[in-house]
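Asks: Let me begin by handing over the structure; questions about it come next.
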Amino acid sequence: MQIEDDEILQGFIEESLEHLADIETDLLAIEKAGANIDENLVNKVFRAAHSIKGGAGFMGLTVIQELSHAMENILGMIRSRKLVPNPEIVNVLLQGSDKLESMINNIQSSNDEDITEHLIPLNAIAEGNALQAPTPKPEPSAQPVPEPVTESVPEPVAQEVAIASPAPMPAATAAPVAQPQQATPAPVSPPPEQPIEAAAIQTAAAVQAPPQVKADTSLRVHVSLLDSLMTLAGELVLSRNQLLQTIGSNDLRNAEAVGQRIDLITSELQEAIMLTRMQPIGNVFSKFPRVVRDLSKQLNKTIELTIVGNEVELDKTIIESINDPLTHLIRNSVDHGVEMPADRKRIGKPEKGIIILKAYHEAGQVVIQISDDGKGLDGEALATSAIGKGLITSEQALIMSDKEKINLIFLPGFSMAKKVTDVSGRGVGMDVVKTNLDKLGGQVEIVSEVGRGTTISIKLPLTLAIIPCQIITTAGERYAIPQVNLEELLRIPASQVKQRVEKVGNAEVVRLRGNLLPLIRLSDVIETERTYWDADENENKSDRRGSIADRRGKTSPLFRSTDETSGEAEQVNTKRTTTDRRYTASSALNIVVVSTNSMKYGLIVDRLQDSEEIVIKPLGRHLQQCKGYAGATIMGDGRIALILDVTNLARMARLTSIDGTDRANEVALAAAELIRAQKDKQALLIFHSSEQEQFAVPLNQVERIEKIKRSEIEAMGGKRVMQYRGGSLALISVDDLATVHPLADQDDLLVIVFNICSKAVGLLAIGPIDAIELTTEIDGVTLRQPGIMGSMIIEGHTTMLVDVFEIVQTLYPDWFAEKPVFEIDKASGVIPTILIAEDSNFFRNQVKSYMTESGYKVIEGADGAIAWDLLQKHFEEISMVVTDIEMPNMNGFELTETIRKNPKYNKIPIIALTTLASEEDVAKGKAVGVDEYHIKLDKEKLMTCVHDYMKRLF
Amino acid sequence: MNETKATTNKTQVELATFYVGDALCGMDILKIQEINKLMDMTKVPQAPYYVTGILNLRGQIVTIIDLGKKLGLGATEASATSRNIIVNSPGEHVGLLVTRLSDVISADMEKVERAPANMGGIQGEFFSGVYKTEDKLIGILDVNKVLRLESSRLEEQVH
């Protein structure tokens, strides 16, 4: 078959497809009306079929002509009320129009199609009524008489005018169709032997699918819109002239005005051009009544589809691409969502299921909602199924939220259907839907309630060409983040970084209004140099911090790339005591909080800049492998900025809610840990003894702090004292016992007063001093020495925890002569055993050392649960329990409760140790059966108490 | 006269020659869209090793390939003499960063010889042939080869 003129053919294709789209809706309406025939409607469908027939005949598309002719016959009979439309007839007609559509889409091979399966029922219907209805018999196939051709061709032109309201427009679009009339009647001569020839090739053609001629190359635009575009273009030209003139005359004031004018016109022009691309979503929605009708029939369900918001407009490209995902979702709702009528009746729902398809504007985006009143999605079932398929582990499932579980259906390889039906579950799952929507910049959200129904919301941008973006800078380059993904901008001042950014395990998180937000450093994900912006010096500086909060700890796999290089630097950082960058304002953290589907995370960037409307330009194929970018754009200064793809960035950082379940796991655990740790805070007084070293003592041991002058110190009898409140206060300093730098030689000194063995003792120190609360794990090994209990990192400084008790004990051993020591009954040979439950290694070892020093035997448990096991195992030996309050698995209160509940153990003394004994806690402890409360590290009081109890026991 | 001109026209090709490092290369001048000295490129983190950056060429995003790196001669430094040779690639323009330009010479394609396996440190696969002038040896660049994606290497880089 030869089709001479591509343009005419294209015109025919477009027009026919439009007719067919209408035919479908109209046929459904005809079916609904039944015997009550709406003549106008039937007429419209009749004319559409007629136009296609005519056009096809003109083009020599014999098969299309034949089929449309057969359909036209039946429609003619309905029109003249010789035939009452029933579902069967409409079905045949619908199938016919489907076939027509597919043939028109593959116009080159349409003449090779076999349409007998459609012709037979069509002709049967026509003939069954032939007796009462003497309609013209269907033309026997491929013999288009020249006459009807010339007659029918003008038809579409006439109809165009009839259908479309604004008069000038159809004239323009119909032109290509009208053209052949004057130009070339000659090509219309389909050789009669063609069908035979075609039959021979048919098998071959069927094997290799012919390339599709896509009919989407032209677009209808309202003439008034074109007019306004024209006006704007005219204004733009005028403004250009003005601008040139202004530049010529060097008139600055005028230049500003012209600039504003051009700005205004460009925006208007942009809007108007956007409008030309806008199409009502009804174009896509209109096919769904049919889809739902056919499917529900096939599945024996009764479903009513309600469509709202046909008039909402979207960019043409989006309209075209949204079709397949929507179809899939609708089919899913029909197949899996709505239950069988019998089931519905049983659970008290109306037999007729309801699916609502709704489109509306919201916050500059278009939302498409598909809701059904079916059985809903069962998160647990989905999780079980995902575990069964090996997509996630059961541990991952445990910590998933309901929303995350429901989102599992987006995982590749996940099919919701228990059994595979031909309707859905053909291996093409929701993951494809999601991928397609991602490509469009859309977001999917599922809200579902078991038994009540499911609502799937798709948020789509109005247009893809121009998008508002947030511009940011990292490593000296600008990047754009689409505003759709932007949740908020967050700036953490340098002074708060430490408190708000936590690094627990491998996850770095920031606390934001009570929630934990995982953090990604942009420079790490895209593997550039880490830099930060120095506002004072107006330049980028390279940043060598190992982690955001600059703590010692495991480095995250996220930062694998920099581990090798930054590992050493980090070691240095932890030891650095003098200059810490975090105190400079320039190292505040700039965080862009972005969201992708159900995942929200913070992207750490160097600088936040303006928000701008940008034009997306694709990247070359050499850069297609860079998944972190969605494209590029040209900035006002002519340079290029890359557009970030936040979904892929999250994936690259293993952070997507589903892909990165490990990561989510970590974050969840970290959150739990953090909450726990928060309660287990240690209050410390930080002080110095020399410039170089920082010390700390537990704040609760400190009685007072006094400012003194060096001259007040008196050296008497080899000891230092000072006059204090009418007596002598013994003075000590850290270097008296520990090998540390000597007390700084300065006039203004501080005396930290402690009370040990009912005697006051003053520790000499220098400022600055500070009281802080922190949760850091104390290292009881590395820097342990006489007088130093251990060390920890406080705001980047290694800080030694001073053991005042030990210093005093060494310097003034006679103070302890009268200390109440429990005399172990040598005769009986019983050494009392104490069970210690404490999760912190440091504190456990500390308390253990107090006990063993005094001659007790100690059994230790790292948490309440372990301690409980130990108690049951060693009940005979254990005479006392010393427990921490905040512990994982089983806390101190729970442990006490468990012990007290058991009559066997309820006599055993329980001493609770805490870092901060709030009255509430004390009350709670007393309620569950704690005998005594003591503050951790207050060795003296604790031991006195232990001895007291032991004396009573033995 | 006319006849001879017609025949020579068939084999005569205008070669634009340029230096990549110290190696003299050439390519059919008709394949070149333009040559510019815009060096204000935007770096693309995680791009293939041979991509220097991207450039705004009158509203179009052009990927700039460092020919020196691509041919295995090491990075080409942006200098006063360095130029971008913009060539057409399917669906886009690509820029080739070269050290400096040389002359345009008229070459008789019939005299082009097969490229050796290795030429001045460059793998022979990147050349479609070698053209000898009186005093110089010009490697004729196979632009398609140069622009081809390095899939295997990409894999390595990704993993």
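As shown in the structure tokens, the chain order sets the letters A, B, ...; within each chain, residues go from 1, and ligands are also counted from 1 in the order they appear.
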Counting only C-alpha atoms, what are the residues of chain B within 9 Å of chain A, and for each of them which pair of atoms is the nearest and at what distance in Å, to one decimal? Sort the table by chain and rising number, as CSV.
Replies:
```
residue,atom,partner,partner_atom,distance
B:Asp40,CA,A:Arg639,CA,7.4
B:Met41,CA,A:Arg639,CA,7.4
B:Thr42,CA,A:Ile640,CA,6.0
B:Lys43,CA,A:Glu477,CA,7.6
B:Val44,CA,A:Leu642,CA,7.8
B:Pro45,CA,A:Ile526,CA,5.8
B:Gln46,CA,A:Ile526,CA,6.1
B:Ala47,CA,A:Leu623,CA,6.0
B:Pro48,CA,A:Leu623,CA,7.3
B:Val51,CA,A:His622,CA,7.9
B:Ile54,CA,A:Ile640,CA,7.3
B:Leu55,CA,A:Ile640,CA,6.8
B:Asn56,CA,A:Ile640,CA,6.4
B:Arg58,CA,A:Gly638,CA,8.8
B:Gly59,CA,A:Ile634,CA,7.1
B:Gln60,CA,A:Lys617,CA,7.6
B:Ile61,CA,A:Leu619,CA,6.8
B:Val62,CA,A:Gly620,CA,7.0
B:Thr63,CA,A:Gly620,CA,6.1
B:Gly91,CA,A:Gly620,CA,8.6
B:Glu92,CA,A:Gly620,CA,6.7
B:His93,CA,A:Gly620,CA,8.1
B:Val94,CA,A:Gly620,CA,7.9
B:Leu147,CA,A:His622,CA,8.4
B:Arg148,CA,A:His622,CA,8.5
B:Leu149,CA,A:His622,CA,6.4
B:Glu150,CA,A:His622,CA,8.8
B:Leu154,CA,A:Gln625,CA,7.7
B:Val158,CA,A:Gln625,CA,8.4
```
Asks: Please provide the set of residues having any atom within 9 Å of range 745-757 of chain A, restricted to only C-alpha atoms, with same-chain residues fewer than 3 positions apart removed, written as a VMD selection string.
Replies: chain A and resid 690 701 to 711 729 731 742 760 to 767 804 to 805 808 815 to 816 819 940
Asks: Compile the contact shell of Leu517 in chain A as a VMD selection string: residues with an atom at most 8 Å away, counting only C-alpha atoms, same-chain residues fewer than 3 positions apart removed.
Replies: chain A and resid 509 to 512 600 to 602
Asks: Could you pull out the residues in range 61-150 of chain B that DSSP calls helix (DSSP H, G or I) from the backbone, as a PyMOL selection string?
Replies: chain B and resi 67-70+109-111+124-126+143-147
Asks: Go ahead and save the residues from that selection, with all heavy atoms, as a short mmCIF file (atom, residue, chain, number, x, y, z; two decimals), in the first residue's frame.
Replies:
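The new file selection-v7.cif reads:
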```cif
data_model
loop_
_atom_site.label_atom_id
_atom_site.label_comp_id
_atom_site.auth_asym_id
_atom_site.auth_seq_id
_atom_site.Cartn_x
_atom_site.Cartn_y
_atom_site.Cartn_z
N LEU B 67 40.38 15.30 25.43
CA LEU B 67 40.91 14.36 24.45
C LEU B 67 42.20 13.73 24.95
O LEU B 67 42.48 12.57 24.71
CB LEU B 67 41.13 15.10 23.13
CG LEU B 67 41.00 14.27 21.86
CD1 LEU B 67 39.75 13.43 21.87
CD2 LEU B 67 41.03 15.16 20.64
N GLY B 68 42.98 14.53 25.68
CA GLY B 68 44.23 14.00 26.23
C GLY B 68 43.97 12.81 27.14
O GLY B 68 44.59 11.76 27.01
N LYS B 69 43.00 12.96 28.03
CA LYS B 69 42.70 11.87 28.96
C LYS B 69 42.10 10.69 28.22
O LYS B 69 42.42 9.55 28.48
CB LYS B 69 41.70 12.34 30.02
CG LYS B 69 42.34 13.05 31.18
CD LYS B 69 41.30 13.22 32.27
CE LYS B 69 41.81 14.11 33.39
NZ LYS B 69 40.71 14.54 34.26
N LYS B 70 41.24 11.00 27.27
CA LYS B 70 40.55 9.94 26.55
C LYS B 70 41.55 9.10 25.77
O LYS B 70 41.43 7.88 25.69
CB LYS B 70 39.53 10.59 25.60
CG LYS B 70 38.74 9.62 24.79
CD LYS B 70 37.68 8.95 25.62
CE LYS B 70 37.00 7.85 24.83
NZ LYS B 70 35.86 7.30 25.52
N MET B 109 42.96 11.51 0.64
CA MET B 109 42.58 10.37 1.47
C MET B 109 43.13 9.05 0.92
O MET B 109 43.21 8.06 1.63
CB MET B 109 41.05 10.29 1.60
CG MET B 109 40.44 11.37 2.43
SD MET B 109 41.29 11.68 3.98
CE MET B 109 40.48 10.49 5.04
N GLU B 110 43.48 9.06 -0.33
CA GLU B 110 44.03 7.82 -0.87
C GLU B 110 45.42 7.54 -0.32
O GLU B 110 45.89 6.41 -0.35
CB GLU B 110 44.07 7.90 -2.40
CG GLU B 110 42.71 7.56 -2.98
CD GLU B 110 42.65 7.70 -4.48
OE1 GLU B 110 43.67 8.14 -5.08
OE2 GLU B 110 41.61 7.38 -5.06
N LYS B 111 46.04 8.59 0.15
CA LYS B 111 47.41 8.40 0.67
C LYS B 111 47.43 8.10 2.16
O LYS B 111 48.48 7.99 2.76
CB LYS B 111 48.24 9.67 0.40
CG LYS B 111 48.56 9.85 -1.06
CD LYS B 111 49.53 10.99 -1.24
CE LYS B 111 49.71 11.29 -2.72
NZ LYS B 111 50.09 12.68 -2.92
N GLY B 124 46.13 2.71 18.82
CA GLY B 124 45.80 2.85 17.41
C GLY B 124 44.31 2.83 17.13
O GLY B 124 43.86 3.38 16.12
N GLU B 125 43.54 2.24 18.03
CA GLU B 125 42.10 2.09 17.76
C GLU B 125 41.39 3.43 17.61
O GLU B 125 40.33 3.51 17.02
CB GLU B 125 41.43 1.28 18.87
CG GLU B 125 41.65 1.89 20.24
CD GLU B 125 40.64 1.41 21.26
OE1 GLU B 125 39.55 0.99 20.87
OE2 GLU B 125 40.96 1.49 22.46
N PHE B 126 41.98 4.49 18.18
CA PHE B 126 41.32 5.79 18.08
C PHE B 126 41.57 6.47 16.73
O PHE B 126 41.02 7.52 16.46
CB PHE B 126 41.79 6.70 19.21
CG PHE B 126 41.28 6.30 20.55
CD1 PHE B 126 42.14 5.95 21.57
CD2 PHE B 126 39.90 6.27 20.78
CE1 PHE B 126 41.64 5.57 22.81
CE2 PHE B 126 39.41 5.89 22.01
CZ PHE B 126 40.28 5.54 23.04
N VAL B 143 36.38 9.88 15.15
CA VAL B 143 35.55 10.60 16.12
C VAL B 143 34.52 9.67 16.78
O VAL B 143 34.27 9.75 17.97
CB VAL B 143 34.85 11.80 15.45
CG1 VAL B 143 33.99 12.53 16.46
CG2 VAL B 143 35.89 12.74 14.89
N ASN B 144 33.97 8.76 16.01
CA ASN B 144 32.97 7.86 16.59
C ASN B 144 33.55 7.01 17.71
O ASN B 144 32.90 6.78 18.72
CB ASN B 144 32.38 6.95 15.50
CG ASN B 144 31.52 7.74 14.55
OD1 ASN B 144 31.03 8.81 14.90
ND2 ASN B 144 31.39 7.25 13.33
N LYS B 145 34.78 6.57 17.47
CA LYS B 145 35.44 5.77 18.51
C LYS B 145 35.65 6.61 19.77
O LYS B 145 35.45 6.16 20.88
CB LYS B 145 36.80 5.27 18.00
CG LYS B 145 36.71 4.02 17.17
CD LYS B 145 37.04 2.80 18.01
CE LYS B 145 36.71 1.52 17.28
NZ LYS B 145 37.50 1.37 16.02
N VAL B 146 36.08 7.84 19.54
CA VAL B 146 36.37 8.72 20.68
C VAL B 146 35.10 9.00 21.47
O VAL B 146 35.10 9.04 22.70
CB VAL B 146 37.00 10.04 20.18
CG1 VAL B 146 37.11 11.04 21.33
CG2 VAL B 146 38.35 9.78 19.57
N LEU B 147 33.99 9.14 20.77
CA LEU B 147 32.75 9.50 21.45
C LEU B 147 32.01 8.30 22.02
O LEU B 147 31.02 8.46 22.72
CB LEU B 147 31.82 10.25 20.49
CG LEU B 147 32.32 11.59 19.98
CD1 LEU B 147 31.25 12.28 19.17
CD2 LEU B 147 32.76 12.47 21.14
#
```
Asks: How far is it from CA of Ser97 in chain A to CA of Glu24 in chain A, in Å with one decimal?
Replies: 7.4 Å
Asks: From the options B:Thr133, B:Thr81, B:Ser128, B:Asn88, which residue's atoms come nearest to Ala107 in chain B, counting only C-alpha atoms?
Replies: B:Thr133
Asks: Which residue is closest to Glu838 in chain A? Choose from A:Lys53, A:His328, A:Arg253, A:Lys936 and count only C-alpha atoms.
Replies: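 Of all the options, A:Lys936 lies closest to Glu838 in chain A.
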Asks: Kindly give the distance, in Å, that separates CA of Asp108 in chain B and CA of Gln12 in chain B, rounded to a single decimal.
Replies: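 Pair CA of Asp108 in chain B / CA of Gln12 in chain B returns 4.5 Å.
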Asks: Just give me the gap between CA of Val92 in chain A and CA of Ile120 in chain A in Å, one decimal is fine.
Replies: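 Separation of CA of Val92 in chain A and CA of Ile120 in chain A: 10.0 Å.
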Asks: With only C-alpha atoms as the basis for distance, which of B:Leu71, B:Ile138, B:Val104, B:Met39 is at the shortest distance from Asn84 in chain B?
Replies: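 Checking each of B:Leu71, B:Ile138, B:Val104, B:Met39 against Asn84 in chain B, counting only C-alpha atoms, the winner is B:Met39.
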Asks: With only C-alpha atoms as the counted atoms, please give the residues lying no more than 12 Å from Gly26 in chain B, apart from itself and same-chain residues fewer than 2 positions off, as a PyMOL selection string.
Replies: chain B and resi 13-20+23-24+28-32+85+98+100-107+112+126-132+136-143
